[in-house]
Every structure is written in structure tokens, then in C-alpha cells.
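Data file: model-v4.cif. Format and content: mmCIF, C-alpha atoms.
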data_work
loop_
_atom_site.label_atom_id
_atom_site.label_comp_id
_atom_site.auth_asym_id
_atom_site.auth_seq_id
_atom_site.Cartn_x
_atom_site.Cartn_y
_atom_site.Cartn_z
CA MET A 952 100.38 24.87 215.16
CA LYS A 953 103.97 26.06 214.92
CA LEU A 954 102.87 29.14 213.02
CA HIS A 955 100.45 30.12 215.78
CA LEU A 956 103.16 29.70 218.39
CA THR A 957 105.80 31.56 216.39
CA LEU A 958 103.86 34.72 215.68
CA PRO A 959 103.23 35.65 219.32
CA LEU A 960 106.85 34.83 220.09
CA VAL A 961 108.08 37.16 217.35
CA ALA A 962 105.72 39.86 218.56
CA SER A 963 106.91 39.37 222.11
CA LEU A 964 110.55 39.63 221.11
CA ALA A 965 109.86 42.75 219.08
CA LEU A 966 108.06 44.37 222.01
CA SER A 967 110.80 43.45 224.46
CA THR A 968 113.47 44.82 222.10
CA ALA A 969 111.52 48.04 221.68
CA ALA A 970 111.13 48.35 225.42
CA PHE A 971 114.84 47.63 225.90
CA ALA A 972 115.71 50.58 223.62
CA ALA A 973 112.91 52.84 224.84
CA ASP A 974 114.46 53.46 228.25
CA LYS A 975 117.87 54.35 226.77
CA PRO A 976 118.73 57.82 225.43
CA SER A 977 119.75 58.18 221.80
CA LEU A 978 123.47 58.72 221.27
CA SER A 979 124.85 60.88 218.49
CA ILE A 980 128.35 59.87 217.35
CA GLY A 981 130.51 61.89 214.99
CA TYR A 982 133.18 60.38 212.77
CA VAL A 983 135.55 61.79 210.17
CA ASN A 984 134.06 61.81 206.71
CA GLY A 985 136.24 59.73 204.37
CA TRP A 986 138.61 58.30 207.01
CA ASP A 987 138.36 54.51 206.73
CA ASP A 988 139.57 53.79 210.25
CA SER A 989 137.07 56.28 211.66
CA VAL A 990 134.24 54.65 209.68
CA ALA A 991 135.20 51.13 210.80
CA THR A 992 135.72 51.89 214.50
CA THR A 993 132.59 54.01 214.77
CA HIS A 994 130.32 51.46 213.11
CA VAL A 995 131.61 48.60 215.26
CA ALA A 996 131.08 50.62 218.44
CA ALA A 997 127.63 51.64 217.21
CA ALA A 998 126.70 48.01 216.48
CA ILE A 999 127.64 47.02 220.03
CA LEU A 1000 125.82 49.98 221.58
CA GLU A 1001 122.65 49.12 219.64
CA GLU A 1002 122.67 45.31 219.59
CA LYS A 1003 124.17 44.57 223.00
CA LEU A 1004 123.25 47.59 225.13
CA GLY A 1005 120.03 48.81 223.52
CA TYR A 1006 121.03 52.41 222.83
CA PRO A 1007 119.59 54.03 219.70
CA VAL A 1008 122.54 55.49 217.78
CA GLU A 1009 122.75 58.25 215.20
CA LEU A 1010 125.98 58.44 213.19
CA ARG A 1011 127.12 61.68 211.58
CA ALA A 1012 129.93 61.91 209.05
CA VAL A 1013 131.59 65.33 209.45
CA GLU A 1014 134.90 67.11 209.01
CA PRO A 1015 137.34 67.03 211.99
CA ALA A 1016 136.76 70.65 213.06
CA ILE A 1017 132.97 70.21 213.03
CA MET A 1018 133.33 66.90 214.89
CA TRP A 1019 135.30 68.47 217.73
CA GLN A 1020 133.06 71.53 217.92
CA GLY A 1021 129.99 69.29 217.92
CA VAL A 1022 131.23 67.25 220.87
CA ALA A 1023 132.24 70.39 222.77
CA ARG A 1024 128.82 72.01 222.25
CA GLY A 1025 126.88 68.84 222.93
CA ASP A 1026 125.49 68.59 219.39
CA LEU A 1027 127.37 65.27 219.33
CA ASP A 1028 127.59 63.01 222.35
CA LEU A 1029 130.96 61.56 221.40
CA THR A 1030 133.51 60.59 218.80
CA LEU A 1031 135.90 57.64 218.59
CA SER A 1032 138.13 59.50 216.13
CA ALA A 1033 140.29 61.89 218.17
CA TRP A 1034 143.90 61.64 216.95
CA LEU A 1035 146.15 62.90 219.73
CA PRO A 1036 148.45 64.49 220.67
CA ALA A 1037 149.48 65.83 217.25
CA THR A 1038 146.94 65.49 214.44
CA HIS A 1039 143.98 66.89 216.39
CA GLY A 1040 146.09 68.62 219.02
CA GLU A 1041 145.00 72.10 218.00
CA TYR A 1042 141.33 71.19 218.41
CA TYR A 1043 141.93 69.60 221.79
CA GLU A 1044 143.89 72.54 223.17
CA ARG A 1045 141.13 74.92 222.15
CA LEU A 1046 138.24 72.78 223.40
CA LYS A 1047 139.70 70.63 226.19
CA ASP A 1048 137.61 72.32 228.90
CA ASP A 1049 134.44 71.30 227.08
CA VAL A 1050 135.20 67.65 226.30
CA GLU A 1051 136.07 64.51 228.26
CA ILE A 1052 138.52 61.79 227.16
CA LEU A 1053 136.97 58.40 227.95
CA GLY A 1054 139.95 56.31 226.87
CA THR A 1055 142.20 55.22 224.02
CA ASN A 1056 140.62 52.89 221.45
CA TYR A 1057 143.77 52.46 219.32
CA GLU A 1058 147.44 52.67 220.32
CA ASP A 1059 150.40 53.49 218.08
CA ALA A 1060 148.53 55.35 215.37
CA LYS A 1061 150.78 57.16 212.92
CA ILE A 1062 150.70 59.66 210.08
CA GLY A 1063 153.36 60.31 207.48
CA LEU A 1064 154.54 59.69 203.94
CA VAL A 1065 154.08 56.15 202.65
CA VAL A 1066 155.61 54.30 199.69
CA PRO A 1067 155.31 50.78 198.25
CA ASP A 1068 157.97 48.47 199.62
CA TYR A 1069 159.70 48.22 196.22
CA VAL A 1070 160.56 51.95 196.23
CA GLN A 1071 164.24 52.63 196.91
CA ALA A 1072 163.74 55.73 199.07
CA ARG A 1073 163.93 54.93 202.78
CA SER A 1074 163.68 58.43 204.24
CA ILE A 1075 161.96 61.70 203.43
CA GLU A 1076 165.48 63.04 202.97
CA ASP A 1077 165.88 60.71 199.97
CA LEU A 1078 162.98 62.17 198.03
CA GLU A 1079 164.78 65.17 196.57
CA ALA A 1080 167.46 63.04 194.93
CA GLU A 1081 164.72 60.85 193.40
CA ARG A 1082 162.44 63.69 192.36
CA ALA A 1083 162.33 62.60 188.71
CA ALA A 1084 161.15 59.09 189.61
CA PHE A 1085 158.24 60.51 191.61
CA ASP A 1086 157.56 63.26 189.03
CA GLY A 1087 157.97 65.76 191.86
CA ARG A 1088 154.54 64.93 193.28
CA ILE A 1089 153.15 63.72 196.58
CA THR A 1090 149.62 62.36 196.32
CA GLY A 1091 147.56 63.69 199.21
CA ILE A 1092 144.07 63.52 200.63
CA ASP A 1093 141.63 66.28 201.61
CA ALA A 1094 143.12 69.76 201.75
CA GLY A 1095 143.30 70.94 205.36
CA ALA A 1096 143.65 67.47 206.88
CA GLY A 1097 146.26 67.18 209.62
CA VAL A 1098 148.54 64.93 207.56
CA MET A 1099 148.34 67.43 204.70
CA ARG A 1100 149.42 70.32 206.92
CA ARG A 1101 152.32 68.25 208.23
CA THR A 1102 153.32 67.31 204.68
CA GLU A 1103 153.47 70.98 203.73
CA ASP A 1104 155.76 71.46 206.72
CA ALA A 1105 157.88 68.48 205.62
CA ILE A 1106 158.30 69.91 202.12
CA ARG A 1107 159.72 73.09 203.68
CA GLU A 1108 161.80 71.39 206.41
CA TYR A 1109 163.44 68.92 204.02
CA GLY A 1110 163.81 71.42 201.17
CA LEU A 1111 161.80 69.34 198.72
CA ASP A 1112 160.96 70.66 195.28
CA TYR A 1113 157.68 68.72 195.31
CA THR A 1114 154.03 69.61 194.77
CA LEU A 1115 151.48 68.26 197.24
CA MET A 1116 148.45 67.16 195.23
CA PRO A 1117 145.19 67.31 197.25
CA SER A 1118 142.55 64.70 196.46
CA SER A 1119 140.61 62.50 198.90
CA GLY A 1120 141.19 59.33 200.88
CA PRO A 1121 139.55 57.09 198.25
CA ALA A 1122 141.26 58.90 195.35
CA MET A 1123 144.64 58.50 197.07
CA THR A 1124 144.20 54.73 197.43
CA VAL A 1125 143.07 54.42 193.79
CA ALA A 1126 146.24 56.22 192.66
CA LEU A 1127 148.32 54.04 194.97
CA GLY A 1128 146.74 50.85 193.64
CA ARG A 1129 147.34 51.85 190.04
CA ALA A 1130 150.99 52.65 190.74
CA ILE A 1131 151.50 49.35 192.54
CA ASN A 1132 149.92 47.37 189.70
CA ALA A 1133 152.40 49.02 187.31
CA GLU A 1134 155.24 48.88 189.87
CA GLN A 1135 155.72 52.62 189.52
CA PRO A 1136 157.18 54.85 192.26
CA ILE A 1137 154.61 56.81 194.24
CA VAL A 1138 154.59 58.61 197.57
CA VAL A 1139 151.31 59.31 199.36
CA THR A 1140 150.14 60.93 202.57
CA SER A 1141 148.68 58.25 204.80
CA TRP A 1142 148.18 56.90 208.26
CA ILE A 1143 147.81 53.71 210.21
CA PRO A 1144 145.30 52.18 210.91
CA HIS A 1145 144.31 51.93 207.25
CA TRP A 1146 143.12 48.97 205.19
CA MET A 1147 145.77 49.55 202.54
CA PHE A 1148 148.40 48.11 204.90
CA ALA A 1149 146.40 44.88 204.98
CA LYS A 1150 146.23 44.77 201.18
CA TRP A 1151 149.68 45.88 200.01
CA GLN A 1152 153.31 45.80 201.17
CA LEU A 1153 153.90 49.39 202.27
CA ARG A 1154 156.12 51.34 204.63
CA PHE A 1155 156.48 54.80 206.08
CA LEU A 1156 159.44 56.89 205.00
CA ASP A 1157 161.73 57.67 207.93
CA ASP A 1158 161.23 61.16 209.31
CA PRO A 1159 164.51 62.10 211.07
CA LYS A 1160 163.32 65.64 211.73
CA SER A 1161 160.10 64.35 213.35
CA VAL A 1162 157.93 66.70 211.30
CA PHE A 1163 155.06 64.21 211.52
CA GLY A 1164 155.60 63.64 215.24
CA GLU A 1165 155.87 60.43 217.17
CA ALA A 1166 153.33 57.62 217.26
CA GLU A 1167 149.88 58.85 218.23
CA ARG A 1168 146.80 57.35 219.79
CA ILE A 1169 143.14 57.48 218.83
CA ASP A 1170 140.95 58.48 221.76
CA THR A 1171 137.26 58.28 222.46
CA VAL A 1172 136.12 61.78 223.43
CA ALA A 1173 132.70 62.68 224.79
CA HIS A 1174 130.67 65.68 225.84
CA PRO A 1175 130.86 66.00 229.64
CA GLY A 1176 128.01 64.24 231.41
CA ILE A 1177 128.06 61.05 229.35
CA ASP A 1178 128.43 59.00 232.57
CA GLU A 1179 125.09 60.31 233.81
CA LYS A 1180 123.31 60.28 230.46
CA ALA A 1181 124.37 56.78 229.37
CA PRO A 1182 126.32 54.96 232.11
CA GLU A 1183 126.41 51.56 230.39
CA ALA A 1184 127.55 53.10 227.13
CA SER A 1185 130.20 55.13 228.91
CA ALA A 1186 131.53 52.05 230.73
CA PHE A 1187 131.78 50.13 227.46
CA LEU A 1188 133.44 52.99 225.60
CA LYS A 1189 136.07 53.35 228.33
CA ARG A 1190 137.06 49.70 227.78
CA PHE A 1191 136.74 49.57 223.99
CA SER A 1192 140.24 49.24 222.47
CA TRP A 1193 141.51 47.16 219.57
CA GLY A 1194 144.52 46.70 217.30
CA PRO A 1195 145.56 46.85 213.64
CA ASP A 1196 144.42 43.34 212.70
CA ASP A 1197 140.90 43.92 214.00
CA VAL A 1198 140.29 47.35 212.55
CA GLY A 1199 142.16 46.35 209.39
CA ALA A 1200 139.79 43.43 208.80
CA VAL A 1201 136.73 45.69 209.05
CA MET A 1202 138.27 48.37 206.83
CA LEU A 1203 139.29 45.82 204.21
CA ALA A 1204 135.79 44.29 204.16
CA ILE A 1205 134.32 47.74 203.54
CA SER A 1206 136.87 48.51 200.81
CA GLU A 1207 135.92 45.26 199.08
CA GLY A 1208 132.23 46.12 198.92
CA ALA A 1209 130.57 45.46 202.27
CA THR A 1210 128.55 48.30 203.74
CA PRO A 1211 130.07 49.74 206.94
CA ASP A 1212 127.01 48.58 208.88
CA GLN A 1213 127.25 44.99 207.60
CA ALA A 1214 131.02 44.78 208.02
CA ALA A 1215 130.67 45.98 211.62
CA LYS A 1216 127.87 43.53 212.44
CA ASP A 1217 129.81 40.65 210.89
CA TRP A 1218 132.87 41.48 212.97
CA VAL A 1219 130.81 41.70 216.17
CA ALA A 1220 129.12 38.36 215.42
CA ASN A 1221 132.49 36.70 214.83
CA HIS A 1222 134.16 38.09 217.96
CA GLU A 1223 131.66 37.46 220.72
CA ASP A 1224 134.31 36.75 223.37
CA ARG A 1225 136.12 39.98 222.61
CA VAL A 1226 132.90 41.97 222.77
CA ALA A 1227 131.98 40.29 226.05
CA GLU A 1228 135.25 41.49 227.58
CA TRP A 1229 134.38 45.07 226.71
CA LEU A 1230 130.91 44.68 228.18
CA ASP A 1231 131.99 42.88 231.37
#
Using C-alpha cells, write down the structure that the file contains.
Amino acid sequence: MKLHLTLPLVASLALSTAAFAADKPSLSIGYVNGWDDSVATTHVAAAILEEKLGYPVELRAVEPAIMWQGVARGDLDLTLSAWLPATHGEYYERLKDDVEILGTNYEDAKIGLVVPDYVQARSIEDLEAERAAFDGRITGIDAGAGVMRRTEDAIREYGLDYTLMPSSGPAMTVALGRAINAEQPIVVTSWIPHWMFAKWQLRFLDDPKSVFGEAERIDTVAHPGIDEKAPEASAFLKRFSWGPDDVGAVMLAISEGATPDQAAKDWVANHEDRVAEWLD
């Protein structure tokens, strides 16, 4: 008897869920390929949009320039990965008439040069005197990234006889982990939020010349008209904002083997009150 009652119930729920999503437009969200914070934030927002608000969501991993151009043209509805005012400032200045800032989803973001806490250097100014310890190398990420351009500026401004070694976000953290395991000096280009701050004792080198700029924010930026196209989604995205512990937990789960989709869904399931505040 229970089987006969359960099957229609399952069918009914499936139909109601399909109907719930059918009257909502699909949303295309761009995020920065290889940026762990961008992956984590985007997947959590997507999980809430799909599970709680019934919007079909398409996620696209792209490079920053393509992400901004996509939102400006309307190829992408939005991104939650706009680092402002410095890192993505050039993109915003060029495209600001064609995009709309919905709100800030992370305060006090930062880019710069990072070292393990056991390293003696406290400032970028200290690096030249300790060049031999670091083998004259700064381990970087993708060539052309904002933090890489600023590091090239820092090498010039501080008169460093260093080579900036491009790699990728994952390759940088692998090199960092190996150095930490051997307690060897290493300096890397990095940013916060990032899961590596939840895993290791790290710090930014002081930047007295402010080459890397002050603390930044990460904004949610949309193609104009999002309020009319998806009013419930827009209202949620304007309220969605979290801190380093939250995004760090999702990033660390992904780095330890969880898929971004599963890590996001787990976080949403474990933070129902927080999600409810954003949806209120």
C-alpha cells in the first residue's frame, strides 16, 4: 500500500518542481576560471537560486575580461566575481555604462604577496636583502591576472631583482604546500578570500608603497534589466554577502576533494537560517 501511495506523491512533487522552475527564466552566471573564491561563491549562489527560488542556472567558467564583456553584452546575466576598485577597475571603467552593481558579496578582499608565517621577511622591501633565500623567484598564477600585473609593478617600484614565475592558481598552491612541508622560504602572489588561509599560517607582506592598493571588495554585477527579468533572484543577490569563514569552508571542502556543486549544497543545507535571511 505504501508503494502505491509513494509513487503518485513522488510524481506530484516532480511535476510541481518542474512547474516551479518552468515559469522562471534561466540565468547565466560567469565566474573566473581557476579562482577558488569565485568558484565557491558562484556555486553557493547558484544552489540557492535553483533550490530555493526555482531559477534554472547555467554556470560558465571564463577569464576575467570575457566575464566582464559577457555581462556588459548580455551574454551573461551576472557575475559574483567583480574585484573592485583595483583588480578589475580597468574593466569596470570601460564597461560601467553597460553593467549594474547589485551589491557587495565580500568585504575586505585583498591581493598581494604572501609568505608562510615562519619567513623572516615582513615587507616587500625586505625581499631584495633575502633574495638568495627565495632564489630570486616569486611564484605567480595565470599570466595577465590583476595580481600578476601588480606584482610586475611591485618588482619595479621596490627595485627587486626577482623573476615572476607564471603558473596557475592550483600550481601556486601546490608549490606553496611543498615549501611549507619542507619549511622552505617561498613568496607567492595571492589573495583573500582563499582556502589556503584556512589551511596554513600565512601572511601578506607589508606594501608601504601601496602598489597592490588598499583592501578591495567583491561585487555582484549584472546586465541591466535583471530586476525585471528575475526580480526574486535580483532581490536575493542584493542581500547575499558573507565572510572569510563561510567562503573559506566551502573553498577548503572543494580543495579536499568535494565537487563545487556538492560543497555548495552541503553549505546551504547546514546554514538554513543564514540562507533564510538572504531570502527574507
What are the nearest atom pairs, with distances in Å to one decimal, for all residues of stretch 986-1043 of chain A that come at most 8 Å from stretch 1209-1218 of chain A, using only C-alpha atoms, set out by chain and rising residue number as JSON lines?
{"residue": "A:Val990", "atom": "CA", "partner": "A:Pro1211", "partner_atom": "CA", "distance": 7.0}
{"residue": "A:Ala991", "atom": "CA", "partner": "A:Pro1211", "partner_atom": "CA", "distance": 6.6}
{"residue": "A:His994", "atom": "CA", "partner": "A:Ala1215", "partner_atom": "CA", "distance": 5.7}
{"residue": "A:Val995", "atom": "CA", "partner": "A:Ala1215", "partner_atom": "CA", "distance": 4.6}
{"residue": "A:Ala998", "atom": "CA", "partner": "A:Lys1216", "partner_atom": "CA", "distance": 6.1}
Give me the residues within 12 Å of A:Pro1182 as a ChimeraX atom specification, counting all atoms listed in the file and dropping any in the same chain fewer than 2 places off.
/A:975-976,978,1000,1004,1006,1053,1176-1180,1184-1189,1230
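For the file shown, the residue list from the PyMOL selection byres ((chain A and resi 1157) around 6) reads Ser1074, Leu1156 and Asp1158 of chain A.
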Selection result for the PyMOL selection byres ((chain A and resi 1119-1123) around 7) on this file, as a list in words:
Gly985, Trp986, Thr1090, Gly1091, Ile1092, Asp1093, Pro1117, Ser1118, Thr1124, Val1125, Ala1126 and Leu1127 of chain A
Within-9 Å shell of (125.8, 64.3, 219.3) in input frame, only C-alpha atoms, as a PDB file with C-alpha atoms, in the frame of the given file:
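Printed below is out_4.pdb as written:
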ATOM      1  CA  SER A 977     119.750  58.180 221.800  1.00  0.00           C
ATOM      2  CA  LEU A 978     123.470  58.720 221.270  1.00  0.00           C
ATOM      3  CA  SER A 979     124.850  60.880 218.490  1.00  0.00           C
ATOM      4  CA  ILE A 980     128.350  59.870 217.350  1.00  0.00           C
ATOM      5  CA  GLY A 981     130.510  61.890 214.990  1.00  0.00           C
ATOM      6  CA  GLU A1009     122.750  58.250 215.200  1.00  0.00           C
ATOM      7  CA  LEU A1010     125.980  58.440 213.190  1.00  0.00           C
ATOM      8  CA  ARG A1011     127.120  61.680 211.580  1.00  0.00           C
ATOM      9  CA  GLY A1021     129.990  69.290 217.920  1.00  0.00           C
ATOM     10  CA  VAL A1022     131.230  67.250 220.870  1.00  0.00           C
ATOM     11  CA  ARG A1024     128.820  72.010 222.250  1.00  0.00           C
ATOM     12  CA  GLY A1025     126.880  68.840 222.930  1.00  0.00           C
ATOM     13  CA  ASP A1026     125.490  68.590 219.390  1.00  0.00           C
ATOM     14  CA  LEU A1027     127.370  65.270 219.330  1.00  0.00           C
ATOM     15  CA  ASP A1028     127.590  63.010 222.350  1.00  0.00           C
ATOM     16  CA  LEU A1029     130.960  61.560 221.400  1.00  0.00           C
ATOM     17  CA  THR A1030     133.510  60.590 218.800  1.00  0.00           C
ATOM     18  CA  ALA A1173     132.700  62.680 224.790  1.00  0.00           C
ATOM     19  CA  HIS A1174     130.670  65.680 225.840  1.00  0.00           C
TER      20      HIS A1174
END
With all atoms listed in the file as the counted atoms, please give the residues lying no more than 9 Å from A:Glu1058, apart from itself and same-chain residues fewer than 4 positions off, as JSON, numbers by chain.
{"A": [1166, 1167, 1168, 1169, 1170, 1192, 1193, 1194]}
Written selection (C-alpha atoms) as a PDB file, in the frame of the given file:
ATOM      1  CA  ALA A1166     153.330  57.620 217.260  1.00  0.00           C
ATOM      2  CA  GLU A1167     149.880  58.850 218.230  1.00  0.00           C
ATOM      3  CA  ARG A1168     146.800  57.350 219.790  1.00  0.00           C
ATOM      4  CA  ILE A1169     143.140  57.480 218.830  1.00  0.00           C
ATOM      5  CA  ASP A1170     140.950  58.480 221.760  1.00  0.00           C
ATOM      6  CA  SER A1192     140.240  49.240 222.470  1.00  0.00           C
ATOM      7  CA  TRP A1193     141.510  47.160 219.570  1.00  0.00           C
ATOM      8  CA  GLY A1194     144.520  46.700 217.300  1.00  0.00           C
TER       9      GLY A1194
END
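You can rank A:Ile1075, A:Met1018, A:Arg1190, A:Ala1130 by their closest distance to A:Ala1227 using all atoms listed in the file, and at the top of that list sits A:Arg1190.
Closest approach to A:Val1162 among A:Gln1020, A:Gln1071, A:Thr1114, A:Thr1038: A:Thr1038, based on all atoms listed in the file.
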